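Novice: Contents of final-v5.cif (mmCIF, C-alpha atoms and all ligand atoms) are given next:
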data_my_file
loop_
_atom_site.label_atom_id
_atom_site.label_comp_id
_atom_site.auth_asym_id
_atom_site.auth_seq_id
_atom_site.Cartn_x
_atom_site.Cartn_y
_atom_site.Cartn_z
CA MET A 1 6.86 -7.59 11.80
CA LYS A 2 7.83 -4.10 10.69
CA ASN A 3 5.32 -1.33 11.25
CA GLN A 4 6.05 1.80 9.27
CA LEU A 5 3.11 3.85 10.50
CA LYS A 6 4.71 4.47 13.89
CA GLU A 7 7.63 6.13 12.20
CA LEU A 8 5.56 7.94 9.64
CA SER A 9 3.15 9.34 12.21
CA ASN A 10 5.95 11.59 13.38
CA PRO A 11 4.71 14.89 11.88
CA GLU A 12 8.17 16.45 11.78
CA LYS A 13 9.33 13.84 9.34
CA PHE A 14 6.45 14.23 6.96
CA GLN A 15 5.99 17.97 7.05
CA SER A 16 9.67 18.64 6.63
CA PRO A 17 10.62 20.54 3.47
CA ILE A 18 11.52 18.51 0.43
CA ASP A 19 15.22 18.29 -0.33
CA ILE A 20 15.41 19.77 -3.83
CA SER A 21 19.14 20.45 -3.86
CA ASP A 22 19.98 17.86 -6.52
CA VAL A 23 17.19 18.76 -8.94
CA ASN A 24 17.25 21.16 -11.86
CA VAL A 25 14.79 24.05 -11.50
CA ASP A 26 13.10 23.29 -14.85
CA VAL A 27 12.36 19.75 -13.69
CA LEU A 28 10.98 21.08 -10.41
CA MET A 29 8.70 23.48 -12.30
CA LEU A 30 7.47 20.68 -14.55
CA MET A 31 6.69 18.47 -11.58
CA LEU A 32 4.90 21.33 -9.81
CA GLU A 33 2.82 22.08 -12.90
CA SER A 34 1.99 18.42 -13.47
CA MET A 35 0.86 17.86 -9.86
CA THR A 36 -1.15 21.09 -9.83
CA THR A 37 -2.84 20.21 -13.12
CA ILE A 38 -3.88 16.82 -11.76
CA ARG A 39 -5.16 18.35 -8.49
CA LYS A 40 -7.22 21.00 -10.26
CA THR A 41 -8.60 18.49 -12.76
CA GLU A 42 -9.79 16.29 -9.91
CA GLN A 43 -11.28 19.24 -8.06
CA GLN A 44 -13.31 19.96 -11.20
CA LEU A 45 -14.36 16.30 -11.35
CA ALA A 46 -15.45 16.48 -7.70
CA LEU A 47 -17.62 19.50 -8.49
CA GLY A 48 -19.03 17.87 -11.62
CA ARG A 49 -19.94 14.76 -9.66
CA LYS A 50 -21.44 16.66 -6.74
CA SER A 51 -23.64 18.72 -9.03
CA GLY A 52 -24.82 15.59 -10.87
CA LEU A 53 -23.32 16.56 -14.23
CA ILE A 54 -21.11 13.45 -14.12
CA GLY A 55 -23.29 10.36 -14.13
CA GLY A 56 -20.85 7.66 -12.97
CA PRO A 57 -18.60 7.35 -9.91
CA VAL A 58 -15.17 9.01 -9.78
CA HIS A 59 -12.39 7.73 -7.50
CA LEU A 60 -10.27 10.77 -6.75
CA GLY A 61 -6.61 10.56 -5.83
CA ALA A 62 -6.03 14.15 -4.67
CA GLY A 63 -3.15 14.07 -2.19
CA GLN A 64 -1.38 11.25 -4.06
CA GLU A 65 -0.18 13.22 -7.12
CA ALA A 66 3.53 13.03 -6.26
CA ILE A 67 3.56 9.30 -6.99
CA ALA A 68 2.57 9.22 -10.66
CA VAL A 69 4.34 12.52 -11.36
CA GLY A 70 7.62 11.40 -9.77
CA ILE A 71 7.61 8.03 -11.50
CA SER A 72 6.54 9.28 -14.93
CA GLN A 73 9.71 11.42 -15.15
CA TYR A 74 11.53 8.20 -15.99
CA LEU A 75 9.00 6.51 -18.26
CA GLN A 76 9.00 6.55 -22.06
CA CYS A 77 5.89 6.48 -24.25
CA THR A 78 6.68 2.92 -25.40
CA ASP A 79 6.51 1.58 -21.83
CA ARG A 80 3.32 -0.24 -20.87
CA VAL A 81 1.62 1.40 -17.91
CA PHE A 82 -1.48 -0.02 -16.23
CA GLY A 83 -3.74 1.47 -13.58
CA ALA A 84 -6.93 0.57 -11.75
CA HIS A 85 -10.01 2.34 -10.40
CA ARG A 86 -8.14 5.45 -9.10
CA SER A 87 -6.05 6.27 -12.16
CA HIS A 88 -6.62 9.86 -13.27
CA SER A 89 -3.14 10.81 -12.03
CA HIS A 90 -1.48 7.80 -13.68
CA LEU A 91 -2.81 8.87 -17.07
CA LEU A 92 -2.47 12.65 -16.68
CA ALA A 93 1.16 12.34 -15.52
CA LEU A 94 1.86 10.74 -18.93
CA ASN A 95 -0.50 12.89 -20.99
CA PRO A 96 -1.93 15.99 -19.30
CA ASP A 97 -4.89 16.22 -21.69
CA PHE A 98 -7.56 16.96 -19.07
CA TYR A 99 -10.03 17.95 -21.79
CA ARG A 100 -10.18 14.34 -23.01
CA LEU A 101 -10.49 13.09 -19.44
CA PHE A 102 -13.42 15.44 -18.83
CA ALA A 103 -15.01 14.29 -22.09
CA GLU A 104 -14.54 10.65 -21.05
CA VAL A 105 -16.18 10.96 -17.63
CA LEU A 106 -19.03 12.90 -19.26
CA GLY A 107 -19.51 10.01 -21.71
CA LYS A 108 -18.64 12.09 -24.80
CA GLU A 109 -17.22 10.66 -28.02
CA THR A 110 -14.13 12.92 -27.74
CA GLY A 111 -13.02 11.17 -24.52
CA PHE A 112 -9.93 9.00 -24.05
CA SER A 113 -12.04 5.85 -24.56
CA LYS A 114 -14.53 7.46 -26.96
CA GLY A 115 -16.94 7.99 -24.07
CA MET A 116 -17.41 4.22 -23.65
CA GLY A 117 -15.54 3.79 -20.39
CA GLY A 118 -15.85 6.67 -17.96
CA SER A 119 -13.46 7.31 -15.11
CA MET A 120 -12.46 3.67 -14.59
CA HIS A 121 -11.77 2.54 -18.16
CA LEU A 122 -9.10 4.94 -19.38
CA PHE A 123 -6.85 4.13 -22.30
CA ASP A 124 -4.22 6.12 -24.19
CA GLN A 125 -1.80 3.93 -26.07
CA LEU A 126 0.17 6.84 -27.58
CA SER A 127 1.39 7.93 -24.15
CA GLY A 128 1.94 4.33 -23.00
CA PHE A 129 -1.17 4.10 -20.82
CA TYR A 130 -2.52 0.63 -21.51
CA GLY A 131 -5.55 0.96 -19.37
CA SER A 132 -7.34 1.08 -16.10
CA VAL A 133 -10.15 -1.19 -14.94
CA PRO A 134 -12.45 -1.23 -11.90
CA ILE A 135 -11.56 -4.81 -11.00
CA VAL A 136 -9.13 -4.46 -8.12
CA ALA A 137 -5.81 -6.14 -9.11
CA GLY A 138 -7.31 -6.87 -12.55
CA THR A 139 -4.40 -5.35 -14.48
CA VAL A 140 -1.44 -6.74 -12.50
CA SER A 141 -1.00 -9.94 -14.47
CA LEU A 142 -1.63 -8.06 -17.74
CA ALA A 143 1.23 -5.69 -16.88
CA VAL A 144 3.57 -8.61 -16.22
CA GLY A 145 2.53 -10.14 -19.55
CA ALA A 146 3.21 -6.82 -21.30
CA ALA A 147 6.62 -6.62 -19.61
CA MET A 148 7.45 -10.16 -20.75
CA ALA A 149 6.41 -9.22 -24.30
CA ALA A 150 8.69 -6.16 -24.19
CA LYS A 151 11.55 -8.45 -23.20
CA LEU A 152 10.79 -10.98 -25.96
CA GLN A 153 10.65 -8.10 -28.45
CA LYS A 154 14.14 -7.10 -27.26
CA THR A 155 13.11 -3.52 -26.46
CA SER A 156 14.16 -1.42 -23.47
CA ASP A 157 10.49 -0.94 -22.57
CA ILE A 158 9.13 -1.91 -19.20
CA GLY A 159 5.78 -2.83 -17.67
CA VAL A 160 4.45 -0.68 -14.85
CA VAL A 161 1.43 -1.28 -12.68
CA TYR A 162 -0.04 0.96 -9.99
CA ILE A 163 -1.82 -0.97 -7.25
CA GLY A 164 -3.17 -0.10 -3.83
CA ASP A 165 -2.55 -1.62 -0.41
CA GLY A 166 -5.97 -3.27 -0.74
CA ALA A 167 -5.15 -4.86 -4.10
CA VAL A 168 -2.32 -6.90 -2.60
CA GLU A 169 -5.00 -8.85 -0.73
CA GLU A 170 -5.86 -10.47 -4.08
CA GLY A 171 -4.06 -13.73 -4.89
CA ILE A 172 -3.22 -12.77 -8.47
CA VAL A 173 -0.84 -10.09 -7.18
CA HIS A 174 1.32 -12.72 -5.49
CA GLU A 175 1.29 -14.97 -8.55
CA SER A 176 2.35 -11.93 -10.58
CA PHE A 177 5.23 -11.08 -8.21
CA ASN A 178 6.43 -14.66 -8.44
CA LEU A 179 6.10 -14.93 -12.23
CA ALA A 180 7.82 -11.59 -12.83
CA LYS A 181 10.72 -12.68 -10.65
CA ILE A 182 11.12 -16.13 -12.12
CA GLN A 183 10.92 -14.74 -15.69
CA ASN A 184 13.21 -11.80 -14.87
CA ALA A 185 10.51 -9.57 -16.39
CA PRO A 186 11.24 -5.84 -16.85
CA MET A 187 8.49 -4.86 -14.46
CA LEU A 188 7.93 -2.09 -11.92
CA PHE A 189 5.28 -2.76 -9.29
CA VAL A 190 4.13 0.51 -7.73
CA ILE A 191 2.28 0.22 -4.46
CA GLU A 192 0.23 3.27 -3.53
CA ASN A 193 -0.15 2.54 0.15
CA ASN A 194 -2.78 5.06 1.25
CA LEU A 195 -3.63 2.94 4.30
CA PHE A 196 -7.22 2.29 3.23
CA ALA A 197 -9.09 -0.17 1.05
CA SER A 198 -12.51 1.39 0.48
CA HIS A 199 -13.41 2.40 4.00
CA MET A 200 -11.29 0.01 6.03
CA HIS A 201 -7.95 0.92 7.58
CA ILE A 202 -4.96 -1.32 6.91
CA SER A 203 -4.54 -2.16 10.62
CA LEU A 204 -7.91 -3.92 10.48
CA ARG A 205 -6.96 -5.93 7.39
CA GLN A 206 -3.29 -6.88 7.58
CA PRO A 207 -0.77 -7.90 10.26
CA SER A 208 1.67 -5.23 9.04
CA ASP A 209 1.22 -1.95 7.22
CA MET A 210 4.34 -2.56 5.17
CA ILE A 211 3.47 -3.96 1.75
CA SER A 212 7.13 -4.30 0.71
CA ARG A 213 7.33 -7.44 2.83
CA PHE A 214 5.81 -9.26 -0.15
CA ALA A 215 8.72 -8.07 -2.32
CA GLU A 216 11.11 -9.56 0.25
CA ALA A 217 9.15 -12.83 0.10
CA ASN A 218 9.65 -12.97 -3.68
CA ASP A 219 13.27 -11.80 -3.62
CA ILE A 220 12.36 -8.63 -5.52
CA PRO A 221 14.49 -5.59 -4.62
CA TYR A 222 12.34 -2.70 -3.39
CA GLU A 223 12.34 0.81 -2.01
CA LEU A 224 9.95 2.23 0.57
CA VAL A 225 9.51 5.97 0.20
CA ASP A 226 7.48 8.95 1.48
CA GLY A 227 4.84 9.15 -1.27
CA ASN A 228 4.16 12.83 -0.57
CA ASP A 229 7.70 13.89 -1.50
CA VAL A 230 7.84 14.10 -5.28
CA VAL A 231 11.63 14.39 -5.35
CA ALA A 232 12.13 11.31 -3.18
CA VAL A 233 9.65 9.40 -5.36
CA SER A 234 11.36 10.43 -8.59
CA GLN A 235 14.85 9.62 -7.31
CA ALA A 236 13.76 6.16 -6.16
CA ALA A 237 11.94 5.63 -9.47
CA LYS A 238 15.08 6.52 -11.39
CA ARG A 239 17.19 3.97 -9.50
CA LEU A 240 14.61 1.22 -9.95
CA VAL A 241 13.75 1.97 -13.58
CA ASP A 242 17.45 2.10 -14.50
CA ASP A 243 17.91 -1.34 -12.92
CA ILE A 244 14.89 -2.74 -14.74
CA ARG A 245 15.93 -1.35 -18.13
CA SER A 246 19.41 -2.80 -17.72
CA GLY A 247 17.96 -6.31 -17.42
CA LYS A 248 18.10 -6.80 -13.66
CA GLY A 249 14.49 -7.95 -13.43
CA PRO A 250 11.46 -6.71 -11.50
CA ARG A 251 11.50 -4.02 -8.82
CA LEU A 252 8.89 -2.80 -6.36
CA LEU A 253 8.35 0.75 -5.14
CA GLU A 254 6.11 1.29 -2.11
CA LEU A 255 4.90 4.81 -1.47
CA VAL A 256 3.11 5.76 1.71
CA THR A 257 0.45 8.40 1.13
CA TYR A 258 -3.16 9.35 1.86
CA ARG A 259 -6.12 10.44 -0.20
CA PHE A 260 -7.84 13.69 0.71
CA TYR A 261 -11.30 12.67 -0.51
CA GLY A 262 -13.10 9.56 0.66
CA HIS A 263 -13.17 6.30 -1.28
CA VAL A 264 -15.40 7.52 -4.09
CA ASP A 265 -16.71 10.92 -5.23
CA TRP A 266 -16.31 14.20 -3.33
CA ARG A 267 -17.18 13.28 0.26
CA ASP A 268 -14.74 12.96 3.17
CA ASP A 269 -16.06 9.56 4.32
CA VAL A 270 -15.56 10.37 7.96
CA ASP A 271 -18.98 8.93 8.72
CA VAL A 272 -18.46 5.61 6.93
CA GLY A 273 -14.68 5.42 7.26
CA VAL A 274 -13.39 2.91 9.77
CA LYS A 275 -10.53 4.77 11.48
CA ARG A 276 -10.77 7.72 9.07
CA SER A 277 -11.04 10.76 11.30
CA LEU A 278 -11.13 14.49 10.58
CA ASP A 279 -7.88 14.81 12.57
CA ASP A 280 -6.14 12.29 10.31
CA ILE A 281 -7.36 14.10 7.21
CA GLU A 282 -6.13 17.43 8.55
CA ASN A 283 -2.73 15.95 9.51
CA TRP A 284 -2.30 14.49 6.06
CA LYS A 285 -3.43 17.71 4.37
CA ALA A 286 -0.55 19.37 6.20
CA ARG A 287 1.68 17.00 4.24
CA ASP A 288 0.19 18.08 0.90
CA PRO A 289 2.76 17.08 -1.76
CA ILE A 290 2.10 20.20 -3.83
CA VAL A 291 2.46 22.60 -0.92
CA ARG A 292 5.63 20.87 0.25
CA LEU A 293 7.25 21.22 -3.16
CA SER A 294 6.16 24.82 -3.73
CA LYS A 295 7.34 25.76 -0.22
CA SER A 296 10.79 24.30 -0.82
CA MET A 297 10.99 26.04 -4.20
CA THR A 298 9.93 29.37 -2.73
CA GLU A 299 12.44 29.11 0.11
CA SER A 300 15.22 28.35 -2.38
CA GLY A 301 14.30 31.35 -4.54
CA TYR A 302 13.14 29.14 -7.44
CA LEU A 303 9.50 30.20 -7.30
CA SER A 304 8.13 33.67 -6.62
CA LYS A 305 4.63 34.28 -5.27
CA HIS A 306 3.86 35.96 -8.59
CA GLN A 307 4.94 32.89 -10.62
CA GLU A 308 2.90 30.62 -8.38
CA SER A 309 -0.29 32.62 -8.72
CA ALA A 310 0.26 33.02 -12.49
CA LEU A 311 0.51 29.22 -12.79
CA ASN A 312 -2.67 28.75 -10.77
CA GLN A 313 -4.60 31.34 -12.74
CA ARG A 314 -3.50 29.93 -16.10
CA LEU A 315 -4.47 26.38 -15.13
CA ASP A 316 -7.82 27.50 -13.68
CA LYS A 317 -8.67 29.20 -16.97
CA GLU A 318 -7.56 26.25 -19.12
CA ILE A 319 -9.50 23.78 -16.99
CA ASP A 320 -12.62 25.89 -17.08
CA LYS A 321 -12.40 26.15 -20.86
CA ALA A 322 -11.77 22.41 -21.29
CA TRP A 323 -14.70 21.51 -19.03
CA ASN A 324 -17.10 23.75 -20.98
CA ARG A 325 -15.84 22.36 -24.28
CA ALA A 326 -16.29 18.76 -23.10
CA MET A 327 -19.77 19.60 -21.79
CA SER A 328 -20.84 20.80 -25.22
CA ASP A 329 -19.30 17.85 -27.11
CA PRO A 330 -21.62 15.21 -28.64
CA TYR A 331 -22.37 11.81 -27.13
CA PRO A 332 -21.29 8.77 -29.20
CA SER A 333 -23.68 7.72 -31.94
CA ALA A 334 -25.91 4.70 -31.40
CA ASP A 335 -23.77 2.39 -33.53
CA ALA A 336 -20.58 3.23 -31.60
CA THR A 337 -21.11 0.35 -29.15
CA LEU A 338 -21.09 -2.14 -32.00
CA LYS A 339 -18.14 -0.44 -33.60
CA TYR A 340 -15.89 -0.09 -30.55
CA VAL A 341 -17.13 -2.41 -27.80
CA TYR A 342 -18.56 -5.62 -29.23
CA SER A 343 -17.30 -6.17 -32.74
CA GLU A 344 -16.19 -4.45 -35.84
CA GLU A 345 -17.82 -5.58 -39.07
CA LYS A 346 -15.24 -6.56 -41.64
C1 LIG B 1 -12.08 -7.76 -7.37
C2 LIG B 1 -12.72 -6.60 -6.67
N1 LIG B 1 -13.07 -6.71 -5.38
C3 LIG B 1 -13.64 -5.67 -4.73
C4 LIG B 1 -13.89 -4.49 -5.40
C5 LIG B 1 -14.50 -3.29 -4.67
N2 LIG B 1 -13.45 -2.31 -4.40
C6 LIG B 1 -13.26 -1.24 -5.23
S1 LIG B 1 -11.95 -0.32 -4.74
C7 LIG B 1 -11.65 -1.32 -3.43
C8 LIG B 1 -10.52 -1.02 -2.49
C9 LIG B 1 -9.20 -0.98 -3.14
O1 LIG B 1 -8.23 -0.52 -2.24
P1 LIG B 1 -6.79 -0.19 -2.71
O2 LIG B 1 -6.29 -1.25 -3.61
O3 LIG B 1 -5.99 0.08 -1.49
O4 LIG B 1 -6.96 1.14 -3.58
P2 LIG B 1 -7.43 2.59 -3.13
O5 LIG B 1 -8.92 2.61 -3.34
O6 LIG B 1 -7.03 2.81 -1.73
O7 LIG B 1 -6.75 3.52 -4.06
C10 LIG B 1 -12.55 -2.38 -3.38
C11 LIG B 1 -12.53 -3.42 -2.36
C12 LIG B 1 -13.53 -4.43 -6.76
N3 LIG B 1 -13.74 -3.32 -7.48
N4 LIG B 1 -12.93 -5.48 -7.37
MG MG B 2 -5.56 1.86 -0.58
#
Show how you would write the structure in this file as structure tokens.

Specialist:
Amino acid sequence: MKNQLKELSNPEKFQSPIDISDVNVDVLMLMLESMTTIRKTEQQLALGRKSGLIGGPVHLGAGQEAIAVGISQYLQCTDRVFGAHRSHSHLLALNPDFYRLFAEVLGKETGFSKGMGGSMHLFDQLSGFYGSVPIVAGTVSLAVGAAMAAKLQKTSDIGVVYIGDGAVEEGIVHESFNLAKIQNAPMLFVIENNLFASHMHISLRQPSDMISRFAEANDIPYELVDGNDVVAVSQAAKRLVDDIRSGKGPRLLELVTYRFYGHVDWRDDVDVGVKRSLDDIENWKARDPIVRLSKSMTESGYLSKHQESALNQRLDKEIDKAWNRAMSDPYPSADATLKYVYSEEK
């Protein structure tokens, strides 16, 4: 059985500069800004959680930003995108409104889900984000259903679901692969293979670390890509999304990556992580998708040190302002639960 980790553990391969030769500089700048915005937003969430200002858990995806940012280049706001428990990047890559994300995790009525959901129940239909839920693999079949609806409605829209390497251990994922294939559904399955499910390494859970083998089993064409190279991710996404929109049926994109924080909240999880060591974290931080892109852009003369620090300073200011605004926003009124969660009186 194929084992991709052996190949990927070669540091030269992963730390190598990103090949940006085929990409327009404006697109590179947009991807850099989007990834940096997501990173800084999550760093603020980590601080908010650590200081106790955020009451509920946050699953941070810092280190994995290249995936949602690369893929979202080729999505349209009428597509139907679904996430799970670690979905800040999936939403922010479609709609970078970090103020409403802050408001949501703080439980404020100005949040994406009116303060009713927190970090794991995000929803923003206008940008095509149809929701995240904490139930691992809980949205996979919904995404296939949404893709089938898009096909019945004769649109060019597609269904997209982001799932982890752990989620594929749920049976519904395999039923969903099969149904999408047999129905020729316009569906993109995105596998964020960060090698861990909670605290357990993939080698302790599965006979292979290659999730794409399940695409092969269902006769679904797939690509397996370095998830820390935003250009490689976006180019693969373009090929697959073009195929899906032209009626060729479902596709799967597996991205190998790593999260910088532990499973939940701001800690490293070295103490509870099975096979998560400080060395591994440091090695993966050397493959930081943002640093790799900015380095390639700097070396090609597309990004000056001045531009880079101006971007960072602007985003720091905007994030600070948005956090303070969300902090001072009101909580939902007492009748909001009846209005938005249980029923609406007619
Ligand atoms: C049905 C279900 N089982 C177990 C859990 C507890 N749980 C939350 S996240 C997680 C691991 C998910 O791993 P993966 O899909 O690889 O996503 P990652 O956290 O690595 O992004 C588990 C087991 C859950 N939320 N739902
Ligand atoms: Mg995982």

Novice: Residues within 10 Å of ligand MG 2 (chain B) (all atoms listed in the file), as a list in words?

Specialist: Arg86, Ile163, Gly164, Asp165, Gly166, Ala167, Val168, Ile191, Glu192, Asn193, Asn194, Leu195, Phe196, Ala197, Ser198, His199, Met200, His201, Ile202, Val256, Thr257, Tyr258, Arg259 and His263 of chain A

Novice: I'd like the interatomic distance between CA of Thr78 in chain A and CA of Gly128 in chain A, to a tenth of an Å.

Specialist: 5.5 Å

Novice: Could you name the residues that touch Ile244 in chain A at 9 Å or less, counting only C-alpha atoms, but leaving out those on the same chain fewer than 2 positions away, as a list in words?

Specialist: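 Answer for this query is Ser156, Ile158, Ala185, Pro186, Met187, Leu188, Arg239, Leu240, Val241, Asp242, Ser246, Gly247, Lys248, Gly249, Pro250 and Arg251 of chain A.
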
Novice: Keeping C-alpha atoms, export the residues of the selection given above as an mmCIF file, keeping the file's coordinate frame.

Specialist:
data_model
loop_
_atom_site.group_PDB
_atom_site.id
_atom_site.type_symbol
_atom_site.label_atom_id
_atom_site.label_comp_id
_atom_site.auth_asym_id
_atom_site.auth_seq_id
_atom_site.Cartn_x
_atom_site.Cartn_y
_atom_site.Cartn_z
ATOM 1 C CA SER A 156 14.160 -1.420 -23.470
ATOM 2 C CA ILE A 158 9.130 -1.910 -19.200
ATOM 3 C CA ALA A 185 10.510 -9.570 -16.390
ATOM 4 C CA PRO A 186 11.240 -5.840 -16.850
ATOM 5 C CA MET A 187 8.490 -4.860 -14.460
ATOM 6 C CA LEU A 188 7.930 -2.090 -11.920
ATOM 7 C CA ARG A 239 17.190 3.970 -9.500
ATOM 8 C CA LEU A 240 14.610 1.220 -9.950
ATOM 9 C CA VAL A 241 13.750 1.970 -13.580
ATOM 10 C CA ASP A 242 17.450 2.100 -14.500
ATOM 11 C CA SER A 246 19.410 -2.800 -17.720
ATOM 12 C CA GLY A 247 17.960 -6.310 -17.420
ATOM 13 C CA LYS A 248 18.100 -6.800 -13.660
ATOM 14 C CA GLY A 249 14.490 -7.950 -13.430
ATOM 15 C CA PRO A 250 11.460 -6.710 -11.500
ATOM 16 C CA ARG A 251 11.500 -4.020 -8.820
#

Novice: To one decimal in Å, tell me the separation between CA of Gly48 in chain A and CA of Leu293 in chain A.

Specialist: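 Going from CA of Gly48 in chain A over to CA of Leu293 in chain A, I get 27.8 Å.
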
Novice: Give me, please, the distance in Å between CA of Val233 in chain A and CA of Ala66 in chain A, quoted to one decimal.

Specialist: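 CA of Ala66 in chain A lies 7.2 Å from CA of Val233 in chain A.
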
Novice: With 5 Å on each side, where is the centre of the axis-aligned box around all listed atoms of ligand LIG 1 (chain B), and how long are its edges in Å to one decimal, as JSON?

Specialist:
{"center_x": -10.2, "center_y": -2.1, "center_z": -4.5, "size_x": 18.5, "size_y": 21.3, "size_z": 16.0}

Novice: Name the residues in contact with range 308-324 of chain A at a cut-off of 8 Å, using only C-alpha atoms, excluding same-chain residues fewer than 3 positions from it; report them as a list in words.

Specialist: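 Here the qualifying residues turn out to be Glu33, Thr36, Thr37, Lys40, Thr41, Gln44, Phe98, Tyr99, Phe102, Ala103, Leu303, Ser304, Lys305, Met327 and Ser328 of chain A.
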
Novice: Mind checking which residues fall within 10 Å of Ser296 in chain A, counting all atoms listed in the file, ignoring those fewer than 2 positions away in the same chain, and posting them as number ranges by chain?

Specialist: A: 16-21, 291-294, 298-303

Novice: Find the residues with any atom within 12 Å of (0.2, -12.3, -9.7); use all atoms listed in the file and the coordinates as given in the file, and write the answer as an NGL selection string.

Specialist: :A and (137-145 or 161 or 163 or 167-182 or 189 or 214 or 218)

Novice: Quick one: residues within 8 Å of (-5.3, 11.0, -4.8) (file frame), counting all atoms listed in the file, please, as a list in words.

Specialist: Leu60, Gly61, Ala62, Gly63, Gln64, Glu65, Arg86, Ser89, Tyr258, Arg259, Phe260 and Tyr261 of chain A

Novice: Using only C-alpha atoms and all ligand atoms for the distances, tell me which of A:Gly83, A:Gly159, A:Pro330, A:Pro221 is nearest to ligand LIG 1 (chain B).

Specialist: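 Closest residue, counting only C-alpha atoms and all ligand atoms: A:Gly83.
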
Novice: Hey, could you patch up range 262-274 of chain A with N, CA, C and O atoms and hand it over as a PDB file, in the coordinates of the input?

Specialist:
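Printed below is part38.pdb as written:
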ATOM      1  N   GLY A 262     -12.779  10.913   0.224  1.00  0.00           N
ATOM      2  CA  GLY A 262     -13.100   9.560   0.660  1.00  0.00           C
ATOM      3  C   GLY A 262     -12.893   8.557  -0.470  1.00  0.00           C
ATOM      4  O   GLY A 262     -12.285   8.874  -1.493  1.00  0.00           O
ATOM      5  N   HIS A 263     -13.409   7.347  -0.296  1.00  0.00           N
ATOM      6  CA  HIS A 263     -13.170   6.300  -1.280  1.00  0.00           C
ATOM      7  C   HIS A 263     -13.651   6.671  -2.686  1.00  0.00           C
ATOM      8  O   HIS A 263     -12.938   6.484  -3.665  1.00  0.00           O
ATOM      9  N   VAL A 264     -14.849   7.203  -2.764  1.00  0.00           N
ATOM     10  CA  VAL A 264     -15.400   7.520  -4.090  1.00  0.00           C
ATOM     11  C   VAL A 264     -16.180   8.837  -4.034  1.00  0.00           C
ATOM     12  O   VAL A 264     -16.808   9.134  -3.025  1.00  0.00           O
ATOM     13  N   ASP A 265     -16.034   9.622  -5.115  1.00  0.00           N
ATOM     14  CA  ASP A 265     -16.710  10.920  -5.230  1.00  0.00           C
ATOM     15  C   ASP A 265     -16.127  11.957  -4.261  1.00  0.00           C
ATOM     16  O   ASP A 265     -15.006  11.791  -3.810  1.00  0.00           O
ATOM     17  N   TRP A 266     -16.868  12.990  -3.945  1.00  0.00           N
ATOM     18  CA  TRP A 266     -16.310  14.200  -3.330  1.00  0.00           C
ATOM     19  C   TRP A 266     -16.335  14.206  -1.798  1.00  0.00           C
ATOM     20  O   TRP A 266     -15.773  15.090  -1.173  1.00  0.00           O
ATOM     21  N   ARG A 267     -16.981  13.193  -1.193  1.00  0.00           N
ATOM     22  CA  ARG A 267     -17.180  13.280   0.260  1.00  0.00           C
ATOM     23  C   ARG A 267     -15.916  12.915   1.026  1.00  0.00           C
ATOM     24  O   ARG A 267     -15.031  12.255   0.498  1.00  0.00           O
ATOM     25  N   ASP A 268     -15.895  13.274   2.324  1.00  0.00           N
ATOM     26  CA  ASP A 268     -14.740  12.960   3.170  1.00  0.00           C
ATOM     27  C   ASP A 268     -14.739  11.527   3.679  1.00  0.00           C
ATOM     28  O   ASP A 268     -13.701  10.991   4.053  1.00  0.00           O
ATOM     29  N   ASP A 269     -15.921  10.922   3.774  1.00  0.00           N
ATOM     30  CA  ASP A 269     -16.060   9.560   4.320  1.00  0.00           C
ATOM     31  C   ASP A 269     -15.628   9.459   5.782  1.00  0.00           C
ATOM     32  O   ASP A 269     -15.078   8.443   6.190  1.00  0.00           O
ATOM     33  N   VAL A 270     -15.859  10.484   6.538  1.00  0.00           N
ATOM     34  CA  VAL A 270     -15.560  10.370   7.960  1.00  0.00           C
ATOM     35  C   VAL A 270     -16.635   9.525   8.621  1.00  0.00           C
ATOM     36  O   VAL A 270     -16.374   8.711   9.512  1.00  0.00           O
ATOM     37  N   ASP A 271     -17.864   9.662   8.119  1.00  0.00           N
ATOM     38  CA  ASP A 271     -18.980   8.930   8.720  1.00  0.00           C
ATOM     39  C   ASP A 271     -18.941   7.435   8.435  1.00  0.00           C
ATOM     40  O   ASP A 271     -19.267   6.619   9.284  1.00  0.00           O
ATOM     41  N   VAL A 272     -18.495   7.044   7.231  1.00  0.00           N
ATOM     42  CA  VAL A 272     -18.460   5.610   6.930  1.00  0.00           C
ATOM     43  C   VAL A 272     -17.045   5.036   7.078  1.00  0.00           C
ATOM     44  O   VAL A 272     -16.861   3.831   7.052  1.00  0.00           O
ATOM     45  N   GLY A 273     -16.073   5.895   7.223  1.00  0.00           N
ATOM     46  CA  GLY A 273     -14.680   5.420   7.260  1.00  0.00           C
ATOM     47  C   GLY A 273     -14.360   4.765   8.588  1.00  0.00           C
ATOM     48  O   GLY A 273     -14.607   5.320   9.648  1.00  0.00           O
ATOM     49  N   VAL A 274     -13.818   3.544   8.532  1.00  0.00           N
ATOM     50  CA  VAL A 274     -13.390   2.910   9.770  1.00  0.00           C
ATOM     51  C   VAL A 274     -11.972   3.415  10.021  1.00  0.00           C
ATOM     52  O   VAL A 274     -11.066   3.177   9.226  1.00  0.00           O
TER      53      VAL A 274
END
